[in-house]
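Okay, query12.cif is below, mmCIF, C-alpha atoms and all ligand atoms:
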data_protein
loop_
_atom_site.label_atom_id
_atom_site.label_comp_id
_atom_site.auth_asym_id
_atom_site.auth_seq_id
_atom_site.Cartn_x
_atom_site.Cartn_y
_atom_site.Cartn_z
CA MET A 1 64.24 125.32 73.91
CA ASN A 2 65.58 122.94 71.34
CA SER A 3 68.90 121.20 71.87
CA ASN A 4 70.51 123.39 69.22
CA THR A 5 70.13 126.66 71.07
CA LYS A 6 70.95 124.99 74.33
CA SER A 7 74.40 124.09 73.04
CA ARG A 8 75.12 127.67 71.95
CA VAL A 9 76.79 128.68 75.17
CA LYS A 10 78.62 131.98 75.15
CA LEU A 11 82.25 130.97 75.57
CA VAL A 12 84.77 133.74 75.00
CA GLN A 13 87.76 131.69 76.04
CA ARG A 14 88.24 128.70 73.76
CA PRO A 15 91.79 127.37 74.18
CA ARG A 16 91.06 124.76 71.52
CA ARG A 17 91.33 127.48 68.84
CA ASN A 18 95.10 127.33 69.32
CA ARG A 19 95.09 123.60 68.72
CA LYS A 20 92.86 123.37 65.69
CA ASN A 21 95.48 122.23 63.22
CA ASP A 22 99.12 121.31 63.04
CA SER A 23 100.34 124.67 61.78
CA VAL A 24 98.69 126.65 64.58
CA ARG A 25 99.95 124.09 67.10
CA ARG A 26 103.44 124.66 65.75
CA LEU A 27 103.01 128.43 66.09
CA VAL A 28 102.04 128.27 69.75
CA ARG A 29 104.46 125.51 70.78
CA GLU A 30 106.41 126.61 73.85
CA THR A 31 109.17 124.02 73.90
CA LEU A 32 111.26 122.68 71.04
CA LEU A 33 113.52 119.69 71.09
CA THR A 34 116.44 119.75 68.67
CA PRO A 35 119.48 117.51 68.21
CA SER A 36 121.53 120.37 69.69
CA ASP A 37 119.89 119.68 73.06
CA LEU A 38 121.19 116.14 73.21
CA ILE A 39 124.27 114.46 74.64
CA LEU A 40 124.93 110.82 73.77
CA PRO A 41 126.39 108.66 76.57
CA LEU A 42 128.75 105.95 75.25
CA PHE A 43 130.36 102.93 76.92
CA VAL A 44 133.88 102.08 75.79
CA VAL A 45 135.54 98.70 76.14
CA GLU A 46 139.05 97.50 75.20
CA GLY A 47 139.54 95.85 71.81
CA THR A 48 138.72 96.35 68.15
CA ASP A 49 135.50 95.68 66.27
CA LYS A 50 133.79 94.84 69.55
CA GLN A 51 130.12 95.49 70.20
CA ILE A 52 128.94 93.84 73.40
CA PRO A 53 125.21 94.03 74.19
CA ILE A 54 123.98 95.15 77.60
CA GLN A 55 121.14 92.89 78.64
CA SER A 56 119.13 95.46 80.54
CA MET A 57 119.65 98.15 77.85
CA PRO A 58 118.55 96.63 74.54
CA GLY A 59 120.04 98.58 71.63
CA VAL A 60 122.94 99.97 73.70
CA PHE A 61 126.39 98.41 73.44
CA ARG A 62 129.77 98.50 75.04
CA LEU A 63 131.87 99.56 72.05
CA SER A 64 135.56 99.24 71.31
CA PRO A 65 137.19 102.60 70.49
CA ASP A 66 137.01 102.05 66.70
CA LEU A 67 133.25 101.38 66.73
CA LEU A 68 132.68 104.11 69.29
CA LEU A 69 134.33 106.55 66.90
CA GLU A 70 131.86 105.53 64.19
CA GLN A 71 128.90 105.99 66.48
CA ALA A 72 130.18 109.36 67.65
CA ARG A 73 130.56 110.39 64.02
CA SER A 74 126.94 109.42 63.27
CA ALA A 75 125.84 111.40 66.30
CA TYR A 76 127.77 114.48 65.23
CA THR A 77 126.48 114.18 61.67
CA LEU A 78 122.92 114.09 63.01
CA GLY A 79 123.54 117.35 64.87
CA ILE A 80 124.29 115.99 68.35
CA PRO A 81 127.01 118.29 69.72
CA ALA A 82 128.46 116.11 72.47
CA VAL A 83 129.15 112.62 73.75
CA ALA A 84 129.72 111.52 77.36
CA LEU A 85 132.16 108.64 77.81
CA PHE A 86 132.16 105.84 80.37
CA PRO A 87 134.94 103.23 80.37
CA VAL A 88 134.28 99.56 81.10
CA LEU A 89 137.27 98.00 82.85
CA PRO A 90 138.09 94.41 83.75
CA GLU A 91 138.23 93.63 87.49
CA SER A 92 142.00 93.18 87.11
CA ALA A 93 142.42 96.88 86.25
CA LYS A 94 140.57 98.04 89.37
CA ASP A 95 142.00 98.84 92.78
CA ARG A 96 141.05 100.71 95.96
CA PHE A 97 142.38 104.06 94.74
CA ALA A 98 141.27 103.95 91.10
CA THR A 99 144.91 104.13 90.02
CA GLU A 100 144.13 103.24 86.41
CA SER A 101 142.05 106.43 86.07
CA THR A 102 145.18 108.55 85.67
CA ASN A 103 146.97 106.26 83.22
CA SER A 104 147.75 108.58 80.29
CA ASP A 105 147.62 105.54 78.02
CA GLY A 106 144.45 104.16 79.63
CA LEU A 107 141.37 103.09 77.65
CA LEU A 108 139.46 106.31 78.30
CA GLN A 109 142.42 108.58 77.54
CA ARG A 110 143.13 106.78 74.26
CA THR A 111 139.47 106.98 73.29
CA VAL A 112 139.34 110.71 73.98
CA ARG A 113 142.50 111.32 71.94
CA GLY A 114 141.07 109.30 69.06
CA LEU A 115 137.80 111.19 69.08
CA LYS A 116 139.41 114.61 69.29
CA SER A 117 141.82 113.84 66.46
CA GLN A 118 139.10 112.42 64.17
CA ILE A 119 136.15 114.69 65.03
CA PRO A 120 137.72 117.80 66.59
CA GLU A 121 134.46 119.78 66.59
CA LEU A 122 132.65 117.17 68.69
CA THR A 123 132.48 118.09 72.39
CA VAL A 124 133.86 115.25 74.48
CA ILE A 125 132.64 114.98 78.06
CA THR A 126 134.37 112.61 80.49
CA ASP A 127 133.06 111.20 83.75
CA VAL A 128 135.02 111.98 86.88
CA ALA A 129 134.31 109.38 89.54
CA MET A 130 136.14 106.42 90.96
CA ASP A 131 133.53 103.72 90.42
CA PRO A 132 134.53 102.35 86.98
CA TYR A 133 138.09 102.00 88.34
CA SER A 134 137.34 101.07 91.94
CA SER A 135 137.58 97.51 93.27
CA ASP A 136 134.99 98.58 95.86
CA GLY A 137 132.53 99.87 93.23
CA HIS A 138 132.17 103.15 95.09
CA ASP A 139 132.67 106.71 93.89
CA GLY A 140 135.06 107.53 96.71
CA VAL A 141 137.81 105.91 98.77
CA PHE A 142 136.26 103.12 100.83
CA LYS A 143 137.61 102.35 104.29
CA ASP A 144 136.03 100.38 107.14
CA GLY A 145 132.56 100.72 105.67
CA GLN A 146 132.91 104.49 105.11
CA ILE A 147 133.42 106.60 102.00
CA LEU A 148 136.19 109.06 102.80
CA ASN A 149 135.45 112.50 101.39
CA ASP A 150 138.65 114.51 101.50
CA PRO A 151 141.10 111.76 100.46
CA THR A 152 138.91 111.26 97.38
CA LEU A 153 139.26 114.89 96.26
CA ASP A 154 142.91 114.63 95.18
CA ILE A 155 142.16 111.46 93.21
CA LEU A 156 139.29 113.19 91.39
CA ALA A 157 141.40 116.25 90.59
CA ALA A 158 144.20 114.06 89.20
CA MET A 159 141.66 112.07 87.15
CA ALA A 160 140.20 115.28 85.70
CA VAL A 161 143.67 116.58 84.77
CA SER A 162 144.51 113.29 83.06
CA GLN A 163 141.26 113.50 81.05
CA ALA A 164 141.98 117.12 80.13
CA GLU A 165 145.47 116.15 78.98
CA ALA A 166 143.89 113.56 76.71
CA GLY A 167 141.73 116.31 75.20
CA ALA A 168 138.42 116.26 77.11
CA ASP A 169 136.49 119.50 76.55
CA ILE A 170 134.34 119.16 79.65
CA VAL A 171 134.87 117.02 82.74
CA ALA A 172 131.80 115.82 84.59
CA PRO A 173 132.20 114.87 88.25
CA SER A 174 129.46 112.36 89.12
CA ASP A 175 130.80 111.28 92.52
CA MET A 176 128.90 113.65 94.87
CA MET A 177 131.85 114.21 97.24
CA ASP A 178 131.68 117.57 99.01
CA GLY A 179 134.09 120.14 97.57
CA ARG A 180 135.03 118.18 94.48
CA VAL A 181 134.18 120.89 91.97
CA ARG A 182 136.58 123.29 93.70
CA SER A 183 139.26 120.67 93.92
CA ILE A 184 138.90 119.77 90.22
CA ARG A 185 138.83 123.47 89.16
CA ASP A 186 142.04 124.12 91.10
CA GLY A 187 143.67 121.01 89.66
CA LEU A 188 142.75 121.94 86.10
CA ASP A 189 143.84 125.56 86.47
CA GLN A 190 147.18 124.61 88.05
CA SER A 191 147.85 122.39 85.04
CA GLY A 192 146.98 125.08 82.51
CA PHE A 193 143.50 123.78 81.64
CA GLU A 194 141.54 126.96 82.44
CA GLY A 195 139.52 126.36 79.28
CA VAL A 196 138.25 122.92 80.26
CA GLY A 197 134.70 123.17 81.58
CA ILE A 198 133.02 121.44 84.51
CA LEU A 199 129.60 119.90 84.14
CA ALA A 200 128.73 119.01 87.73
CA TYR A 201 126.35 116.20 88.59
CA SER A 202 125.12 118.51 91.34
CA ALA A 203 121.81 116.95 92.33
CA LYS A 204 122.48 113.28 91.83
CA TYR A 205 120.08 111.06 93.70
CA ALA A 206 120.70 107.62 95.24
CA SER A 207 118.50 106.01 92.62
CA ALA A 208 117.55 102.47 91.68
CA PHE A 209 117.19 103.81 88.12
CA TYR A 210 120.99 103.39 87.71
CA GLY A 211 120.70 99.59 87.81
CA PRO A 212 121.22 98.90 84.08
CA PHE A 213 124.22 101.30 83.94
CA ARG A 214 125.91 99.37 86.73
CA ASP A 215 125.31 96.18 84.72
CA ALA A 216 126.93 97.86 81.72
CA LEU A 217 130.03 98.81 83.71
CA ASP A 218 130.03 95.94 86.22
CA SER A 219 130.36 98.77 88.71
CA ALA A 220 127.75 98.00 91.37
CA PRO A 221 129.06 98.66 94.91
CA LYS A 222 130.60 95.51 96.40
CA SER A 223 129.22 96.41 99.80
CA GLY A 224 126.70 98.91 101.10
CA ASP A 225 124.98 101.51 98.91
CA LYS A 226 125.60 105.10 97.82
CA LYS A 227 123.19 106.79 100.21
CA THR A 228 125.87 108.55 102.27
CA TYR A 229 126.90 110.61 99.25
CA GLN A 230 124.13 110.54 96.63
CA MET A 231 120.98 112.46 97.54
CA ASP A 232 117.81 111.23 99.21
CA PRO A 233 115.02 111.01 96.59
CA ALA A 234 112.71 112.69 99.13
CA ASN A 235 114.61 116.00 99.01
CA ALA A 236 114.21 118.91 96.61
CA ARG A 237 115.38 121.97 98.56
CA GLU A 238 118.66 120.21 99.19
CA ALA A 239 119.13 119.96 95.41
CA VAL A 240 119.10 123.75 95.17
CA ARG A 241 121.68 123.93 97.95
CA GLU A 242 123.90 121.46 96.09
CA VAL A 243 123.73 123.35 92.77
CA LEU A 244 124.44 126.71 94.43
CA LEU A 245 127.50 125.23 96.15
CA ASP A 246 128.77 123.75 92.90
CA ILE A 247 128.37 127.06 91.09
CA GLU A 248 130.26 128.81 93.90
CA GLU A 249 133.00 126.20 93.49
CA GLY A 250 133.26 126.83 89.74
CA ALA A 251 130.74 124.62 87.93
CA ASP A 252 129.93 125.85 84.40
CA ILE A 253 126.87 123.64 83.99
CA VAL A 254 124.87 121.91 86.72
CA MET A 255 122.99 118.66 86.38
CA VAL A 256 119.99 116.90 87.85
CA LYS A 257 119.93 113.10 87.69
CA PRO A 258 117.78 111.04 87.08
CA ALA A 259 115.48 113.22 84.96
CA LEU A 260 111.93 111.98 84.45
CA PRO A 261 111.09 111.16 88.09
CA TYR A 262 112.71 114.47 89.16
CA LEU A 263 111.05 117.09 86.93
CA ASP A 264 110.16 119.21 89.97
CA VAL A 265 113.83 119.30 90.90
CA ILE A 266 114.85 120.35 87.38
CA SER A 267 112.27 123.12 87.56
CA ALA A 268 113.40 124.32 90.99
CA VAL A 269 117.03 124.31 89.90
CA ARG A 270 116.20 126.16 86.66
CA SER A 271 114.60 129.02 88.58
CA ALA A 272 117.40 129.19 91.15
CA VAL A 273 120.42 129.51 88.83
CA GLN A 274 121.70 131.40 85.78
CA VAL A 275 124.09 128.74 84.50
CA PRO A 276 122.88 126.11 82.01
CA VAL A 277 121.05 123.14 83.48
CA ALA A 278 121.54 119.58 82.24
CA ALA A 279 119.41 116.55 83.00
CA TYR A 280 120.46 112.91 82.74
CA SER A 281 117.71 110.61 81.57
CA VAL A 282 119.37 107.54 83.04
CA SER A 283 119.67 103.89 82.12
CA GLY A 284 116.56 102.86 84.08
CA GLU A 285 114.45 105.43 82.23
CA TYR A 286 115.75 103.98 78.96
CA ALA A 287 115.08 100.42 80.12
CA MET A 288 111.51 101.20 81.19
CA ALA A 289 110.54 102.74 77.87
CA LYS A 290 112.40 100.09 75.86
CA ALA A 291 110.91 97.15 77.75
CA ALA A 292 107.34 98.39 77.44
CA ALA A 293 107.91 99.07 73.74
CA GLN A 294 109.35 95.58 73.19
CA LEU A 295 106.26 94.10 74.82
CA GLY A 296 104.15 96.13 72.45
CA TRP A 297 102.64 98.06 75.36
CA LEU A 298 103.89 101.53 74.40
CA ASP A 299 104.75 103.33 71.18
CA GLU A 300 108.48 103.88 71.70
CA ASP A 301 109.05 106.91 69.47
CA ALA A 302 106.00 108.74 70.78
CA VAL A 303 106.75 108.00 74.42
CA VAL A 304 110.42 108.91 74.14
CA GLY A 305 109.59 112.18 72.38
CA GLU A 306 107.15 112.99 75.17
CA MET A 307 109.66 112.09 77.91
CA LEU A 308 112.32 114.33 76.43
CA ILE A 309 110.05 117.29 75.77
CA ALA A 310 108.82 117.02 79.38
CA ILE A 311 112.40 117.14 80.65
CA LYS A 312 113.09 120.19 78.51
CA ARG A 313 109.82 121.86 79.49
CA ALA A 314 110.76 121.39 83.15
CA GLY A 315 113.83 123.55 82.48
CA ALA A 316 116.67 121.42 81.18
CA ASP A 317 118.84 123.08 78.52
CA MET A 318 120.45 119.79 77.55
CA ILE A 319 119.64 116.13 78.06
CA LEU A 320 121.88 113.10 78.31
CA THR A 321 119.90 110.23 76.84
CA TYR A 322 120.61 106.80 75.41
CA PHE A 323 117.84 107.59 72.90
CA ALA A 324 119.85 110.51 71.47
CA LEU A 325 120.63 108.85 68.11
CA ASP A 326 117.05 107.63 67.56
CA ILE A 327 115.55 110.96 68.48
CA ALA A 328 118.01 113.01 66.42
CA GLN A 329 117.20 110.76 63.48
CA SER A 330 113.46 111.26 63.89
CA LEU A 331 113.72 115.07 64.29
C1 LIG B 1 128.76 106.78 88.53
C2 LIG B 1 127.69 107.04 87.53
C3 LIG B 1 126.48 106.37 87.54
C4 LIG B 1 125.77 106.83 86.43
C5 LIG B 1 126.56 107.79 85.77
N1 LIG B 1 127.76 107.91 86.49
C6 LIG B 1 125.97 105.29 88.41
C7 LIG B 1 126.10 105.39 89.85
O1 LIG B 1 126.19 106.46 90.46
O2 LIG B 1 126.09 104.31 90.48
C8 LIG B 1 124.42 106.34 86.07
C9 LIG B 1 123.94 106.63 84.69
C10 LIG B 1 122.77 105.84 84.26
O3 LIG B 1 122.15 105.09 85.03
O4 LIG B 1 122.44 105.95 83.07
N2 LIG B 1 129.69 107.69 88.81
#

Would you mind writing the file's structure down as structure tokens?
Ligand code: PBG
Amino acid sequence: MNSNTKSRVKLVQRPRRNRKNDSVRRLVRETLLTPSDLILPLFVVEGTDKQIPIQSMPGVFRLSPDLLLEQARSAYTLGIPAVALFPVLPESAKDRFATESTNSDGLLQRTVRGLKSQIPELTVITDVAMDPYSSDGHDGVFKDGQILNDPTLDILAAMAVSQAEAGADIVAPSDMMDGRVRSIRDGLDQSGFEGVGILAYSAKYASAFYGPFRDALDSAPKSGDKKTYQMDPANAREAVREVLLDIEEGADIVMVKPALPYLDVISAVRSAVQVPVAAYSVSGEYAMAKAAAQLGWLDEDAVVGEMLIAIKRAGADMILTYFALDIAQSL
């Protein structure tokens, strides 16, 4: 036998036929990423014409409301339907009960009003949690080393109502207190905001991947950690329990966070629920890709595209990512 005939094996199944050129690869592609899948997180700081870099998040800035408006406009023009806002407050504005969070003339409320008056079609999502406003840096009321669940619920509901009054389309509780979705839903409904949605950070893990975000907000816990309320990274079934509870309590969209190290959780949640599923590709995921790219070790655009398609393939309908503008531009 010559080597020619030897290589003529009878293969009926040749998956490579569906990969033989770009057009056939496009035909058989199972997952598509579009700008409509993306939500851009933005950090807002007091002032005008201010753009303050965040050391551990190169390319991301704390923006004053005027510059934030410009960035939101670029995002919307590129086809990104929504932004998620996080306020950066000075220590002097923080206290134990996050009092500033319900100030109708507060930084966040003013920013929301500005956005909704200038770009009414843009969906504005606000974060409901005490940490940006808390002198303890925790997401709930801190007392004698404990995070008090039930006393936090009224604060969160009041915060959500204040954000809705400012014009938020969707409020997004990221605190992981038990029962907060119900408490926020009741609060909103009692104030006439039945139309304001709830995007619940349902399966939010106690993750070291939030490090750069806490730098951005100066919001790291002053004592202890968040393990008594955020989830144990070892658990997946518990994530399904958390999302089912949040849906029962009135969540319109549920979220898994972080995203890339938790693709199995996104997938499990996707098959367990009928509501839309969001995933938050967090600050540490951004920092990892950015740092390796800056060192010349990874091709940033290619790696980011692959990260985001993986998150979508796992089952996310929408992705919060600090790469949203770059990706939307490249699509
Ligand atoms: C806090 C909050 C955090 C993030 C979003 N909301 C940090 C935390 O729980 O300590 C992290 C987002 C990111 O890392 O990109 N309520």

Open item on the list: Could you list, as a PyMOL selection string, all residues that come within 9 Å of ligand LIG 1 (chain B)? Count all atoms listed in the file.
Closed with: chain A and resi 41+86+127-132+137-139+173-176+201+204-214+217+219-221+225-226+230+257-258+280-286+320-322

Residues from last step as file, C-alpha atoms, as a compact mmCIF listing (two decimals), keeping the file's coordinate frame:
# COMPACT_ATOMS: atom_id res chain seq x y z
CA PRO A 41 126.39 108.66 76.57
CA PHE A 86 132.16 105.84 80.37
CA ASP A 127 133.06 111.20 83.75
CA VAL A 128 135.02 111.98 86.88
CA ALA A 129 134.31 109.38 89.54
CA MET A 130 136.14 106.42 90.96
CA ASP A 131 133.53 103.72 90.42
CA PRO A 132 134.53 102.35 86.98
CA GLY A 137 132.53 99.87 93.23
CA HIS A 138 132.17 103.15 95.09
CA ASP A 139 132.67 106.71 93.89
CA PRO A 173 132.20 114.87 88.25
CA SER A 174 129.46 112.36 89.12
CA ASP A 175 130.80 111.28 92.52
CA MET A 176 128.90 113.65 94.87
CA TYR A 201 126.35 116.20 88.59
CA LYS A 204 122.48 113.28 91.83
CA TYR A 205 120.08 111.06 93.70
CA ALA A 206 120.70 107.62 95.24
CA SER A 207 118.50 106.01 92.62
CA ALA A 208 117.55 102.47 91.68
CA PHE A 209 117.19 103.81 88.12
CA TYR A 210 120.99 103.39 87.71
CA GLY A 211 120.70 99.59 87.81
CA PRO A 212 121.22 98.90 84.08
CA PHE A 213 124.22 101.30 83.94
CA ARG A 214 125.91 99.37 86.73
CA LEU A 217 130.03 98.81 83.71
CA SER A 219 130.36 98.77 88.71
CA ALA A 220 127.75 98.00 91.37
CA PRO A 221 129.06 98.66 94.91
CA ASP A 225 124.98 101.51 98.91
CA LYS A 226 125.60 105.10 97.82
CA GLN A 230 124.13 110.54 96.63
CA LYS A 257 119.93 113.10 87.69
CA PRO A 258 117.78 111.04 87.08
CA TYR A 280 120.46 112.91 82.74
CA SER A 281 117.71 110.61 81.57
CA VAL A 282 119.37 107.54 83.04
CA SER A 283 119.67 103.89 82.12
CA GLY A 284 116.56 102.86 84.08
CA GLU A 285 114.45 105.43 82.23
CA TYR A 286 115.75 103.98 78.96
CA LEU A 320 121.88 113.10 78.31
CA THR A 321 119.90 110.23 76.84
CA TYR A 322 120.61 106.80 75.41

Task: 7 Å contact set for Asp136 of chain A, all atoms listed in the file, chain neighbours under 3 positions out, as a list in words - done: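 What passes the distance filter is Arg96, Phe142, Pro221 and Lys222 of chain A.
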
Open item on the list: Which residues are near Tyr76 of chain A? Cut-off 9 Å, all atoms listed in the file, ignore same chain within fewer than 6 positions. Put them as a ChimeraX atom specification.
Closed with: /A:82-83,119,121-122

Open item on the list: I want to know what sits within 6 Å of segment 48-65 of chain A, based on all atoms listed in the file, with residues of the same chain fewer than 2 positions away left out; could you give that as an NGL selection string?
Closed with: :A and (43-46 or 67-68 or 111 or 212 or 216 or 287)

Task: Nearest-residue call for Ala160 of chain A, choices A:Asp178, A:Glu238, A:Asp144, A:Asp189, using only C-alpha atoms - done: A:Asp189

Open item on the list: What does the structure give for the distance between atom CA of Val88 of chain A and atom CA of Leu108 of chain A, in Å to one decimal?
Closed with: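 That distance, rounded to one decimal, is 9.0 Å.
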
Open item on the list: Quick check, in Å to one decimal: how far apart do atom CA of Pro15 of chain A and atom CA of Val28 of chain A lie?
Closed with: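 Going from atom CA of Pro15 of chain A over to atom CA of Val28 of chain A, I get 11.2 Å.
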
- [ ] Go through A:Asp252, A:Asp218, A:Asp154, A:Glu306 one by one, measure the shortest atom-to-atom distance of each to Glu194 of chain A using all atoms listed in the file, and give the residue with the smallest value.
- [x]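 Smallest distance to Glu194 of chain A is found for A:Asp252.
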
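Candidate residues A:Leu295, A:Val161, A:Ile147, A:Val141 were compared for distance to Asn103 of chain A, and the nearest is A:Val161, using only C-alpha atoms.
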
Task: Point-to-point distance in Å for atom CA of Asp215 of chain A and atom CA of Val181 of chain A - done: 27.2 Å

- [ ] Write out as a VMD selection string each polymer residue whose atoms come within 9 Å of Val304 of chain A, counting only C-alpha atoms; drop sequence neighbours fewer than 4 positions from it.
- [x] chain A and resid 286 289 299 to 300 308 to 309 323 327

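Shortest separation to Gly114 of chain A among A:Arg73, A:Asp95, A:Gly315, A:Tyr262 occurs at residue A:Arg73, atoms counted being all atoms listed in the file.
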
Task: Distance query Ala328 of chain A at most 12 Å, only C-alpha atoms, self and fewer than 5 positions along chain excluded, as an MDAnalysis selection string - done: chainID A and resid 33:40 74:81 301 304:305 308 321:323

Open item on the list: Taking all atoms listed in the file into account, name the residue in A:Thr228, A:Gln329, A:Thr123, A:Ser202 that is nearest to Val269 of chain A.
Closed with: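 Comparing A:Thr228, A:Gln329, A:Thr123, A:Ser202 against Val269 of chain A, the winner is A:Ser202.
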
Atoms are missing here; could segment 276-283 of chain A be completed with all heavy atoms and written as a short mmCIF file (atom, residue, chain, number, x, y, z; two decimals), in the coordinates of the input?
data_model
loop_
_atom_site.label_atom_id
_atom_site.label_comp_id
_atom_site.auth_asym_id
_atom_site.auth_seq_id
_atom_site.Cartn_x
_atom_site.Cartn_y
_atom_site.Cartn_z
N PRO A 276 123.68 127.14 82.69
CA PRO A 276 122.88 126.11 82.01
C PRO A 276 122.61 124.91 82.92
O PRO A 276 123.43 124.58 83.78
CB PRO A 276 123.77 125.71 80.83
CG PRO A 276 124.72 126.85 80.64
CD PRO A 276 124.94 127.44 81.99
N VAL A 277 121.45 124.30 82.69
CA VAL A 277 121.05 123.14 83.48
C VAL A 277 120.97 121.92 82.56
O VAL A 277 120.32 121.97 81.50
CB VAL A 277 119.67 123.38 84.14
CG1 VAL A 277 119.19 122.12 84.87
CG2 VAL A 277 119.73 124.57 85.09
N ALA A 278 121.62 120.84 82.98
CA ALA A 278 121.54 119.58 82.24
C ALA A 278 120.70 118.59 83.03
O ALA A 278 120.56 118.72 84.25
CB ALA A 278 122.95 119.01 82.03
N ALA A 279 120.12 117.64 82.32
CA ALA A 279 119.41 116.55 83.00
C ALA A 279 119.85 115.24 82.39
O ALA A 279 120.05 115.17 81.17
CB ALA A 279 117.90 116.73 82.86
N TYR A 280 120.01 114.23 83.22
CA TYR A 280 120.46 112.91 82.74
C TYR A 280 119.28 111.95 82.81
O TYR A 280 118.85 111.57 83.88
CB TYR A 280 121.61 112.41 83.61
CG TYR A 280 122.46 111.30 83.02
CD1 TYR A 280 123.83 111.26 83.26
CD2 TYR A 280 121.91 110.28 82.24
CE1 TYR A 280 124.63 110.24 82.74
CE2 TYR A 280 122.71 109.26 81.72
CZ TYR A 280 124.07 109.25 81.96
OH TYR A 280 124.86 108.25 81.46
N SER A 281 118.76 111.62 81.64
CA SER A 281 117.71 110.61 81.57
C SER A 281 118.44 109.26 81.61
O SER A 281 119.03 108.84 80.62
CB SER A 281 116.90 110.78 80.29
OG SER A 281 115.86 109.84 80.25
N VAL A 282 118.41 108.62 82.75
CA VAL A 282 119.37 107.54 83.04
C VAL A 282 118.96 106.19 82.46
O VAL A 282 117.87 106.03 81.88
CB VAL A 282 119.64 107.43 84.56
CG1 VAL A 282 120.20 108.73 85.10
CG2 VAL A 282 118.36 107.01 85.30
N SER A 283 119.83 105.23 82.70
CA SER A 283 119.67 103.89 82.12
C SER A 283 118.32 103.26 82.46
O SER A 283 117.71 102.61 81.62
CB SER A 283 120.81 103.00 82.60
OG SER A 283 120.86 102.96 84.02
#
